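This is structure.txt. It holds compact mmCIF, C-alpha atoms.
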```txt
# COMPACT_ATOMS: atom_id res chain seq x y z
CA MET Q 12 7.78 -8.20 -23.38
CA ILE Q 13 8.08 -10.59 -20.39
CA ASN Q 14 11.52 -12.14 -19.84
CA ARG Q 15 12.79 -14.76 -17.39
CA GLU Q 16 13.88 -12.17 -14.83
CA ASP Q 17 10.35 -10.77 -14.71
CA PHE Q 18 8.68 -14.16 -14.30
CA MET Q 19 8.89 -14.54 -10.52
CA TRP Q 20 7.58 -11.11 -9.57
CA LEU Q 21 4.81 -11.39 -12.16
CA ILE Q 22 3.70 -14.71 -10.65
CA MET Q 23 3.77 -13.18 -7.17
CA ALA Q 24 1.66 -10.26 -8.41
CA LEU Q 25 -0.92 -12.75 -9.75
CA PHE Q 26 -1.00 -14.61 -6.42
CA SER Q 27 -1.46 -11.27 -4.70
CA ALA Q 28 -4.46 -10.57 -6.93
CA PHE Q 29 -6.11 -13.91 -6.19
CA PHE Q 30 -5.82 -13.67 -2.42
CA ALA Q 31 -6.84 -10.00 -2.42
CA GLY Q 32 -10.00 -10.98 -4.28
CA VAL Q 33 -10.80 -13.69 -1.74
CA THR Q 34 -10.14 -11.20 1.08
CA ALA Q 35 -13.00 -8.91 0.05
CA ILE Q 36 -15.53 -11.77 0.08
CA LEU Q 37 -14.39 -13.18 3.41
CA ALA Q 38 -14.38 -9.71 4.94
CA LYS Q 39 -17.92 -9.01 3.71
CA CYS Q 40 -19.08 -12.26 5.33
CA GLY Q 41 -17.41 -11.20 8.58
CA ILE Q 42 -18.97 -7.73 8.92
CA LYS Q 43 -22.67 -8.45 8.56
CA LYS Q 44 -23.14 -7.86 12.30
CA THR Q 45 -19.63 -6.94 13.43
CA ASP Q 46 -18.55 -3.30 13.44
CA SER Q 47 -16.14 -2.60 10.57
CA ASP Q 48 -13.54 -0.86 12.80
CA VAL Q 49 -13.48 -3.84 15.19
CA ALA Q 50 -13.24 -6.27 12.27
CA THR Q 51 -10.33 -4.30 10.79
CA ALA Q 52 -8.44 -4.38 14.10
CA LEU Q 53 -8.96 -8.14 14.52
CA ARG Q 54 -7.93 -8.87 10.94
CA THR Q 55 -4.73 -6.92 11.48
CA VAL Q 56 -3.78 -9.16 14.40
CA VAL Q 57 -4.00 -12.19 12.11
CA VAL Q 58 -2.01 -10.47 9.37
CA LEU Q 59 0.71 -9.45 11.84
CA LEU Q 60 1.03 -12.96 13.27
CA PHE Q 61 1.23 -14.45 9.79
CA SER Q 62 3.81 -11.92 8.60
CA TRP Q 63 6.07 -12.53 11.60
CA ILE Q 64 5.79 -16.30 11.17
CA MET Q 65 6.92 -15.87 7.57
CA LEU Q 66 9.67 -13.56 8.77
CA SER Q 67 10.98 -16.20 11.17
CA ILE Q 68 10.91 -18.81 8.37
CA VAL Q 69 13.03 -16.71 6.00
CA GLY Q 70 15.26 -15.64 8.91
CA SER Q 71 15.35 -11.91 8.18
CA GLY Q 72 13.95 -10.73 11.52
CA GLY Q 73 17.41 -9.98 12.85
CA THR Q 74 18.00 -7.38 10.16
CA ILE Q 75 15.34 -5.01 11.50
CA THR Q 76 18.00 -2.87 13.20
CA GLN Q 77 19.72 -2.43 9.84
CA ILE Q 78 16.77 -0.60 8.25
CA SER Q 79 17.83 2.93 7.35
CA GLY Q 80 16.05 5.92 8.85
CA LYS Q 81 14.58 6.90 5.48
CA SER Q 82 13.25 3.41 4.76
CA PHE Q 83 11.76 3.14 8.24
CA VAL Q 84 9.95 6.49 7.92
CA PHE Q 85 8.44 5.53 4.57
CA LEU Q 86 7.44 2.09 5.86
CA VAL Q 87 5.63 3.77 8.75
CA LEU Q 88 3.94 6.24 6.41
CA SER Q 89 2.96 3.35 4.16
CA GLY Q 90 1.50 1.53 7.16
CA LEU Q 91 -0.52 4.58 8.19
CA SER Q 92 -1.82 4.95 4.65
CA THR Q 93 -2.70 1.25 4.57
CA GLY Q 94 -4.55 1.52 7.86
CA ALA Q 95 -6.57 4.48 6.59
CA SER Q 96 -7.37 2.61 3.38
CA TRP Q 97 -8.51 -0.50 5.27
CA ILE Q 98 -10.75 1.44 7.63
CA CYS Q 99 -12.44 3.26 4.75
CA TYR Q 100 -12.67 0.12 2.62
CA PHE Q 101 -14.39 -2.05 5.20
CA LYS Q 102 -16.68 0.79 6.22
CA ALA Q 103 -17.72 1.00 2.55
CA LEU Q 104 -18.15 -2.80 2.33
CA SER Q 105 -20.40 -2.80 5.39
CA ALA Q 106 -22.73 -0.25 3.75
CA GLY Q 107 -22.67 -1.10 0.04
CA ASP Q 108 -22.56 -3.90 -2.52
CA VAL Q 109 -19.22 -5.64 -2.99
CA ASN Q 110 -19.58 -5.15 -6.75
CA LYS Q 111 -20.03 -1.40 -6.26
CA VAL Q 112 -17.35 -0.80 -3.63
CA VAL Q 113 -14.54 -2.90 -5.12
CA PRO Q 114 -14.39 -1.16 -8.57
CA ILE Q 115 -13.99 2.23 -6.92
CA ASP Q 116 -11.35 0.87 -4.58
CA LYS Q 117 -9.54 -0.59 -7.60
CA SER Q 118 -9.45 2.88 -9.19
CA SER Q 119 -6.42 3.34 -6.97
CA THR Q 120 -4.62 1.61 -9.84
CA ILE Q 121 -5.02 4.73 -11.95
CA LEU Q 122 -3.58 6.96 -9.25
CA SER Q 123 -0.75 4.51 -8.52
CA VAL Q 124 0.30 4.30 -12.18
CA LEU Q 125 0.28 8.09 -12.56
CA MET Q 126 2.24 8.54 -9.31
CA ALA Q 127 4.76 5.90 -10.40
CA ILE Q 128 5.27 7.73 -13.69
CA PHE Q 129 5.64 11.21 -12.24
CA LEU Q 130 7.14 10.50 -8.80
CA LEU Q 131 9.22 7.36 -9.41
CA GLY Q 132 10.14 8.13 -13.02
CA GLU Q 133 8.76 4.87 -14.45
CA THR Q 134 8.38 6.32 -17.96
CA GLU Q 135 9.43 3.27 -19.98
CA HIS Q 136 6.67 2.25 -22.43
CA LEU Q 137 4.81 5.38 -21.39
CA ALA Q 138 2.24 5.24 -24.22
CA VAL Q 139 1.28 1.67 -23.29
CA LYS Q 140 0.89 2.54 -19.61
CA LEU Q 141 -1.22 5.61 -20.34
CA GLY Q 142 -3.35 3.65 -22.80
CA GLY Q 143 -3.93 0.91 -20.24
CA THR Q 144 -4.76 3.52 -17.62
CA VAL Q 145 -7.42 5.06 -19.88
CA LEU Q 146 -9.05 1.64 -20.29
CA LEU Q 147 -8.95 1.14 -16.52
CA ALA Q 148 -10.59 4.53 -15.97
CA LEU Q 149 -13.37 3.73 -18.46
CA GLY Q 150 -13.90 0.36 -16.81
CA VAL Q 151 -14.18 1.86 -13.33
CA PHE Q 152 -16.65 4.48 -14.57
CA LEU Q 153 -18.88 1.85 -16.18
CA MET Q 154 -18.77 -0.48 -13.19
CA ILE Q 155 -19.88 2.11 -10.64
CA GLU Q 156 -23.02 2.78 -12.67
CA GLN Q 157 -24.70 -0.32 -11.27
CA LYS Q 158 -28.13 -0.38 -9.64
CA GLU Q 159 -28.44 -1.22 -5.97
CA THR Q 160 -29.06 -4.88 -5.14
CA ASP Q 161 -31.93 -5.76 -2.85
CA GLY Q 162 -29.73 -6.14 0.20
CA ALA Q 163 -27.73 -2.94 -0.22
CA LYS Q 164 -28.30 0.27 1.68
CA GLY Q 165 -29.38 2.92 -0.75
CA ASN Q 166 -28.17 5.99 1.11
CA GLY Q 167 -24.87 6.20 -0.76
CA ILE Q 168 -22.84 6.51 2.45
CA TRP Q 169 -20.40 3.91 1.10
CA MET Q 170 -19.26 6.12 -1.79
CA PRO Q 171 -16.96 8.62 0.03
CA TYR Q 172 -15.41 5.81 2.03
CA ALA Q 173 -14.70 3.82 -1.15
CA VAL Q 174 -13.09 6.88 -2.80
CA ALA Q 175 -10.95 7.58 0.28
CA SER Q 176 -9.91 3.91 0.33
CA ALA Q 177 -8.68 4.21 -3.27
CA VAL Q 178 -6.67 7.37 -2.59
CA PHE Q 179 -4.93 5.91 0.47
CA ALA Q 180 -4.28 2.62 -1.36
CA ALA Q 181 -2.54 4.50 -4.17
CA LEU Q 182 -0.33 6.33 -1.67
CA THR Q 183 0.47 3.01 0.00
CA ALA Q 184 2.03 1.53 -3.15
CA ILE Q 185 4.30 4.52 -3.75
CA LEU Q 186 5.37 4.92 -0.13
CA ALA Q 187 6.02 1.16 0.13
CA LYS Q 188 8.18 1.15 -3.00
CA ILE Q 189 10.39 3.82 -1.46
CA GLY Q 190 10.33 2.22 1.99
CA ILE Q 191 11.38 -1.29 0.97
CA SER Q 192 14.37 -0.14 -1.02
CA GLY Q 193 17.18 -2.25 0.45
CA VAL Q 194 14.81 -3.95 2.94
CA GLU Q 195 13.81 -7.62 2.72
CA SER Q 196 10.18 -7.67 1.53
CA ASN Q 197 8.88 -9.91 4.36
CA LEU Q 198 10.50 -7.64 6.94
CA GLY Q 199 9.00 -4.57 5.30
CA THR Q 200 5.55 -6.19 5.36
CA ALA Q 201 5.89 -7.04 9.07
CA VAL Q 202 6.94 -3.50 10.01
CA ARG Q 203 4.08 -1.96 8.04
CA THR Q 204 1.57 -4.36 9.56
CA GLY Q 205 2.72 -3.40 13.05
CA VAL Q 206 1.93 0.24 12.26
CA VAL Q 207 -1.52 -0.72 10.92
CA LEU Q 208 -2.18 -2.78 14.08
CA VAL Q 209 -1.46 0.15 16.42
CA MET Q 210 -3.55 2.50 14.29
CA ALA Q 211 -6.53 0.13 14.04
CA TRP Q 212 -6.71 -0.61 17.76
CA LEU Q 213 -6.30 3.05 18.70
CA ILE Q 214 -9.36 3.84 16.60
CA VAL Q 215 -11.33 1.05 18.28
CA LEU Q 216 -10.26 2.35 21.70
CA LEU Q 217 -10.95 6.03 20.95
CA LYS Q 218 -14.40 5.23 19.55
CA GLY Q 219 -15.29 3.20 22.64
CA LYS Q 220 -15.80 -0.04 20.72
CA LEU Q 221 -13.41 -2.24 22.71
CA GLY Q 222 -16.29 -3.96 24.50
CA GLN Q 223 -17.70 -5.17 21.19
CA VAL Q 224 -14.75 -7.53 20.74
CA ARG Q 225 -16.22 -9.97 23.29
CA GLU Q 226 -19.62 -9.93 21.57
CA ILE Q 227 -18.50 -10.95 18.07
CA ASP Q 228 -20.37 -13.84 16.50
CA ARG Q 229 -18.07 -16.88 16.30
CA ARG Q 230 -18.87 -17.54 12.67
CA GLU Q 231 -18.09 -13.95 11.72
CA LEU Q 232 -14.88 -14.15 13.76
CA LEU Q 233 -13.87 -17.15 11.65
CA TYR Q 234 -14.49 -15.21 8.43
CA ILE Q 235 -12.59 -12.21 9.78
CA SER Q 236 -9.64 -14.44 10.70
CA LEU Q 237 -9.64 -16.13 7.29
CA SER Q 238 -9.82 -12.70 5.69
CA GLY Q 239 -6.77 -11.65 7.67
CA LEU Q 240 -4.90 -14.78 6.61
CA ALA Q 241 -5.75 -14.15 2.95
CA THR Q 242 -4.62 -10.55 3.36
CA GLY Q 243 -1.31 -11.65 4.85
CA VAL Q 244 -0.58 -13.98 1.94
CA SER Q 245 -1.63 -11.28 -0.54
CA TRP Q 246 0.62 -8.69 1.11
CA LEU Q 247 3.68 -10.91 1.14
CA CYS Q 248 3.25 -11.64 -2.56
CA TYR Q 249 2.45 -8.01 -3.37
CA TYR Q 250 5.44 -6.44 -1.66
CA TYR Q 251 7.79 -9.02 -3.09
CA ALA Q 252 6.49 -8.02 -6.52
CA ILE Q 253 6.67 -4.30 -5.68
CA GLN Q 254 10.27 -4.62 -4.50
CA ASN Q 255 11.50 -6.66 -7.45
CA GLY Q 256 9.22 -5.39 -10.21
CA VAL Q 257 7.82 -2.23 -11.73
CA VAL Q 258 5.14 -0.49 -9.64
CA SER Q 259 3.17 0.72 -12.66
CA VAL Q 260 2.90 -2.93 -13.84
CA VAL Q 261 2.56 -4.75 -10.49
CA VAL Q 262 -0.31 -2.59 -9.22
CA PRO Q 263 -2.60 -3.17 -12.24
CA ILE Q 264 -1.96 -6.93 -12.07
CA ASP Q 265 -2.79 -6.92 -8.36
CA LYS Q 266 -6.09 -5.22 -9.16
CA LEU Q 267 -7.13 -8.19 -11.30
CA SER Q 268 -8.40 -9.38 -7.92
CA ILE Q 269 -11.65 -7.78 -9.03
CA LEU Q 270 -12.25 -10.82 -11.26
CA VAL Q 271 -12.05 -13.12 -8.26
CA THR Q 272 -14.26 -10.79 -6.24
CA VAL Q 273 -16.93 -10.54 -8.95
CA VAL Q 274 -17.12 -14.32 -9.36
CA PHE Q 275 -17.37 -15.01 -5.63
CA SER Q 276 -19.76 -12.11 -4.98
CA TYR Q 277 -22.13 -13.70 -7.50
CA ILE Q 278 -21.78 -17.15 -5.93
CA VAL Q 279 -21.99 -16.02 -2.30
CA PHE Q 280 -24.12 -12.85 -2.35
CA LYS Q 281 -25.97 -13.27 -5.69
CA GLU Q 282 -24.72 -9.84 -6.79
CA LYS Q 283 -25.14 -9.83 -10.56
CA LEU Q 284 -23.32 -7.55 -13.00
CA SER Q 285 -25.34 -5.38 -15.35
CA LYS Q 286 -24.38 -5.40 -19.02
CA LYS Q 287 -22.75 -2.00 -18.61
CA ALA Q 288 -20.76 -3.22 -15.60
CA ALA Q 289 -19.67 -6.32 -17.50
CA VAL Q 290 -18.32 -4.11 -20.29
CA GLY Q 291 -16.54 -2.04 -17.65
CA LEU Q 292 -14.97 -5.14 -16.15
CA THR Q 293 -13.77 -6.14 -19.62
CA PHE Q 294 -12.12 -2.73 -20.08
CA MET Q 295 -10.39 -3.05 -16.71
CA VAL Q 296 -9.04 -6.50 -17.53
CA LEU Q 297 -7.86 -5.40 -21.00
CA GLY Q 298 -6.11 -2.35 -19.57
CA THR Q 299 -4.38 -4.50 -16.98
CA LEU Q 300 -3.27 -7.13 -19.49
CA ILE Q 301 -1.93 -4.50 -21.89
CA MET Q 302 0.30 -3.04 -19.16
CA ALA Q 303 1.32 -6.44 -17.80
CA ILE Q 304 2.38 -7.84 -21.17
CA TRP Q 305 3.76 -4.85 -23.07
CA ALA Q 306 4.83 -2.40 -20.37
```
Show me this structure written as structure tokens.
Amino acid sequence: MINREDFMWLIMALFSAFFAGVTAILAKCGIKKTDSDVATALRTVVVLLFSWIMLSIVGSGGTITQISGKSFVFLVLSGLSTGASWICYFKALSAGDVNKVVPIDKSSTILSVLMAIFLLGETEHLAVKLGGTVLLALGVFLMIEQKETDGAKGNGIWMPYAVASAVFAALTAILAKIGISGVESNLGTAVRTGVVLVMAWLIVLLKGKLGQVREIDRRELLYISLSGLATGVSWLCYYYAIQNGVVSVVVPIDKLSILVTVVFSYIVFKEKLSKKAAVGLTFMVLGTLIMAIWA
């Protein structure tokens, strides 16, 4: 059960979920015309600026030279994994419905929980975690059985990108947990974001898309920037929770962002849930709550 020591990181995990949910909607609004790789690179600039501002506020920037070699390597690997996940995720969002892409991306929860159990040894309340994971898996399966909305591209190109996004996101959580051991969470976030920034802009450069930066619609640029800001807030909350909490509990709570995404996708894009998808969403929420409360 939840005790006082758990309260702060649980609250931070919930904040992470809310802002992550808002991120998906803002990002979708910002990539209607803008190339997804360019949008990812621009968002990363905003996230990096925000993370370093927060770093200067907490005053932990001077401790960067004290990061151990092992922690630094895993932070870099986590950043690379995050960058790969972002690129795949926003490519999927640009080609498919938000309500179809997000559930698959959130299936990373299942992989993260299993990795935390087997790689990090988080076996306490194992039956509860496995039971919650089964509900999450059922929910994801039901939610991806939706029909295409009128505005979606029906070629299914979004599917492999969404799956790849989930795999890389799961790796990110595990690598980050190892990397921020003994490292202040804001500092760890800033280092990881720097890696993502380099990776994202290299891809833009290598694909010859640098010239598209000057042609971005101003309104979409605003949405991209707001998406980056929401991402920065979500990351800071998430990695605080990861550092001070239990990965196999924090990750499922973070994925409750799907509730925020579903609500806003209906309001903004008129993407309705089928009855089957609604049942799937219910399973996902129940699985998350079971792990959050009893694990």
> Got a sec: who's within 12 Å of Val84 in chain Q, counting all atoms listed in the file, leaving out chain neighbours fewer than 3 positions off, as a VMD selection string?
Replying inline: chain Q and resid 78 to 81 87 to 91 186 to 187 189 to 192 199 202 to 203 206
>> With distances taken over only C-alpha atoms, which residue among Q:Ile128, Q:Val109, Q:Ala184, Q:Leu217 lies nearest Tyr277 in chain Q?
In response: Q:Val109
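Remark: for Asp46 in chain Q, the closest of the candidate residues Q:Lys111, Q:Lys287, Q:Lys220, Q:Arg229 is Q:Lys220 (distances computed over all atoms listed in the file).
From CA of Leu300 in chain Q back to CA of Gly143 in chain Q, the distance works out to 8.1 Å.
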> From the set Q:Ala180, Q:Ala35, Q:Ala52, Q:Ile75, which residue has the shortest atom-to-atom contact distance to Ile121 in chain Q, counting only C-alpha atoms?
Replying inline: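 Nearest candidate to Ile121 in chain Q out of Q:Ala180, Q:Ala35, Q:Ala52, Q:Ile75: Q:Ala180.
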>> List the spatial neighbours of Phe152 in chain Q as a PyMOL selection string - criterion: any atom at most 10 Å away, only C-alpha atoms, same-chain residues fewer than 2 positions off excluded.
In response: chain Q and resi 114-115+118+146-150+154-157+287-288+291-292
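Interatomic distance, CA of Ile42 in chain Q against CA of Ile235 in chain Q: 7.8 Å.
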>> Report, in Å with one decimal, the straight-line distance from CA of Trp246 in chain Q to CA of Ser268 in chain Q.
In response: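 That distance, rounded to one decimal, is 12.8 Å.
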>> Can you tell me which residues surround Gly205 in chain Q at a distance of at most 10 Å, considering all atoms listed in the file, apart from same-chain residues fewer than 3 positions away, and format the answer as a ChimeraX atom specification?
In response: /Q:55-56,58-60,62-63,87,90-91,200-202,208-211
> What lies within 9 Å of Ser119 in chain Q using all atoms listed in the file, ignoring chain neighbours under 4 positions off, as number ranges by chain?
Replying inline: Q: 115, 123-124, 174, 176-182, 262, 266
Mind checking which residues fall within 12 Å of Lys39 in chain Q, counting only C-alpha atoms, ignoring those fewer than 3 positions away in the same chain, and posting them as a JSON list (two decimals) with C-alpha atoms, in the frame of the given file?
```
[["chain", "number", "residue", "atom", "x", "y", "z"],
["Q", 32, "GLY", "CA", -10.00, -10.98, -4.28],
["Q", 33, "VAL", "CA", -10.80, -13.69, -1.74],
["Q", 34, "THR", "CA", -10.14, -11.20, 1.08],
["Q", 35, "ALA", "CA", -13.00, -8.91, 0.05],
["Q", 36, "ILE", "CA", -15.53, -11.77, 0.08],
["Q", 42, "ILE", "CA", -18.97, -7.73, 8.92],
["Q", 43, "LYS", "CA", -22.67, -8.45, 8.56],
["Q", 44, "LYS", "CA", -23.14, -7.86, 12.30],
["Q", 45, "THR", "CA", -19.63, -6.94, 13.43],
["Q", 46, "ASP", "CA", -18.55, -3.30, 13.44],
["Q", 47, "SER", "CA", -16.14, -2.60, 10.57],
["Q", 50, "ALA", "CA", -13.24, -6.27, 12.27],
["Q", 51, "THR", "CA", -10.33, -4.30, 10.79],
["Q", 100, "TYR", "CA", -12.67, 0.12, 2.62],
["Q", 101, "PHE", "CA", -14.39, -2.05, 5.20],
["Q", 102, "LYS", "CA", -16.68, 0.79, 6.22],
["Q", 103, "ALA", "CA", -17.72, 1.00, 2.55],
["Q", 104, "LEU", "CA", -18.15, -2.80, 2.33],
["Q", 105, "SER", "CA", -20.40, -2.80, 5.39],
["Q", 106, "ALA", "CA", -22.73, -0.25, 3.75],
["Q", 107, "GLY", "CA", -22.67, -1.10, 0.04],
["Q", 108, "ASP", "CA", -22.56, -3.90, -2.52],
["Q", 109, "VAL", "CA", -19.22, -5.64, -2.99],
["Q", 110, "ASN", "CA", -19.58, -5.15, -6.75],
["Q", 112, "VAL", "CA", -17.35, -0.80, -3.63],
["Q", 113, "VAL", "CA", -14.54, -2.90, -5.12],
["Q", 231, "GLU", "CA", -18.09, -13.95, 11.72],
["Q", 232, "LEU", "CA", -14.88, -14.15, 13.76],
["Q", 234, "TYR", "CA", -14.49, -15.21, 8.43],
["Q", 235, "ILE", "CA", -12.59, -12.21, 9.78],
["Q", 237, "LEU", "CA", -9.64, -16.13, 7.29],
["Q", 238, "SER", "CA", -9.82, -12.70, 5.69],
["Q", 272, "THR", "CA", -14.26, -10.79, -6.24],
["Q", 275, "PHE", "CA", -17.37, -15.01, -5.63],
["Q", 276, "SER", "CA", -19.76, -12.11, -4.98],
["Q", 279, "VAL", "CA", -21.99, -16.02, -2.30],
["Q", 280, "PHE", "CA", -24.12, -12.85, -2.35]]
```
Supply range 66-75 of chain Q as a JSON list (two decimals), in the frame of the given file, with all heavy atoms built in where the input has gaps.
```
[["chain", "number", "residue", "atom", "x", "y", "z"],
["Q", 66, "LEU", "N", 8.39, -14.22, 8.54],
["Q", 66, "LEU", "CA", 9.67, -13.56, 8.77],
["Q", 66, "LEU", "C", 10.64, -14.50, 9.48],
["Q", 66, "LEU", "O", 11.83, -14.54, 9.16],
["Q", 66, "LEU", "CB", 9.44, -12.30, 9.62],
["Q", 66, "LEU", "CG", 10.59, -11.29, 9.70],
["Q", 66, "LEU", "CD1", 10.91, -10.73, 8.32],
["Q", 66, "LEU", "CD2", 10.22, -10.15, 10.64],
["Q", 67, "SER", "N", 10.12, -15.26, 10.45],
["Q", 67, "SER", "CA", 10.98, -16.20, 11.17],
["Q", 67, "SER", "C", 11.43, -17.35, 10.26],
["Q", 67, "SER", "O", 12.53, -17.88, 10.40],
["Q", 67, "SER", "CB", 10.24, -16.76, 12.39],
["Q", 67, "SER", "OG", 9.11, -17.52, 11.99],
["Q", 68, "ILE", "N", 10.56, -17.73, 9.31],
["Q", 68, "ILE", "CA", 10.91, -18.81, 8.37],
["Q", 68, "ILE", "C", 12.06, -18.40, 7.46],
["Q", 68, "ILE", "O", 13.01, -19.17, 7.23],
["Q", 68, "ILE", "CB", 9.68, -19.22, 7.54],
["Q", 68, "ILE", "CG1", 8.64, -19.89, 8.44],
["Q", 68, "ILE", "CG2", 10.08, -20.16, 6.40],
["Q", 68, "ILE", "CD1", 7.33, -20.22, 7.75],
["Q", 69, "VAL", "N", 11.99, -17.17, 6.92],
["Q", 69, "VAL", "CA", 13.03, -16.71, 6.00],
["Q", 69, "VAL", "C", 14.26, -16.22, 6.75],
["Q", 69, "VAL", "O", 15.33, -16.02, 6.16],
["Q", 69, "VAL", "CB", 12.52, -15.60, 5.06],
["Q", 69, "VAL", "CG1", 11.38, -16.11, 4.22],
["Q", 69, "VAL", "CG2", 12.10, -14.35, 5.83],
["Q", 70, "GLY", "N", 14.12, -16.01, 8.08],
["Q", 70, "GLY", "CA", 15.26, -15.64, 8.91],
["Q", 70, "GLY", "C", 15.78, -14.23, 8.75],
["Q", 70, "GLY", "O", 16.96, -13.97, 8.98],
["Q", 71, "SER", "N", 14.89, -13.29, 8.38],
["Q", 71, "SER", "CA", 15.35, -11.91, 8.18],
["Q", 71, "SER", "C", 14.96, -10.99, 9.33],
["Q", 71, "SER", "O", 15.18, -9.78, 9.26],
["Q", 71, "SER", "CB", 14.79, -11.36, 6.86],
["Q", 71, "SER", "OG", 13.38, -11.40, 6.86],
["Q", 72, "GLY", "N", 14.37, -11.55, 10.39],
["Q", 72, "GLY", "CA", 13.95, -10.73, 11.52],
["Q", 72, "GLY", "C", 15.09, -9.98, 12.19],
["Q", 72, "GLY", "O", 14.93, -8.87, 12.68],
["Q", 73, "GLY", "N", 16.27, -10.60, 12.19],
["Q", 73, "GLY", "CA", 17.41, -9.98, 12.85],
["Q", 73, "GLY", "C", 17.96, -8.77, 12.14],
["Q", 73, "GLY", "O", 18.78, -8.03, 12.70],
["Q", 74, "THR", "N", 17.50, -8.53, 10.92],
["Q", 74, "THR", "CA", 18.00, -7.38, 10.16],
["Q", 74, "THR", "C", 17.18, -6.12, 10.37],
["Q", 74, "THR", "O", 17.42, -5.10, 9.72],
["Q", 74, "THR", "CB", 18.01, -7.71, 8.64],
["Q", 74, "THR", "OG1", 16.67, -7.94, 8.20],
["Q", 74, "THR", "CG2", 18.86, -8.93, 8.37],
["Q", 75, "ILE", "N", 16.21, -6.17, 11.29],
["Q", 75, "ILE", "CA", 15.34, -5.01, 11.50],
["Q", 75, "ILE", "C", 16.13, -3.78, 11.96],
["Q", 75, "ILE", "O", 15.77, -2.65, 11.63],
["Q", 75, "ILE", "CB", 14.22, -5.35, 12.51],
["Q", 75, "ILE", "CG1", 13.18, -4.22, 12.54],
["Q", 75, "ILE", "CG2", 14.79, -5.61, 13.90],
["Q", 75, "ILE", "CD1", 11.93, -4.59, 13.30]]
```
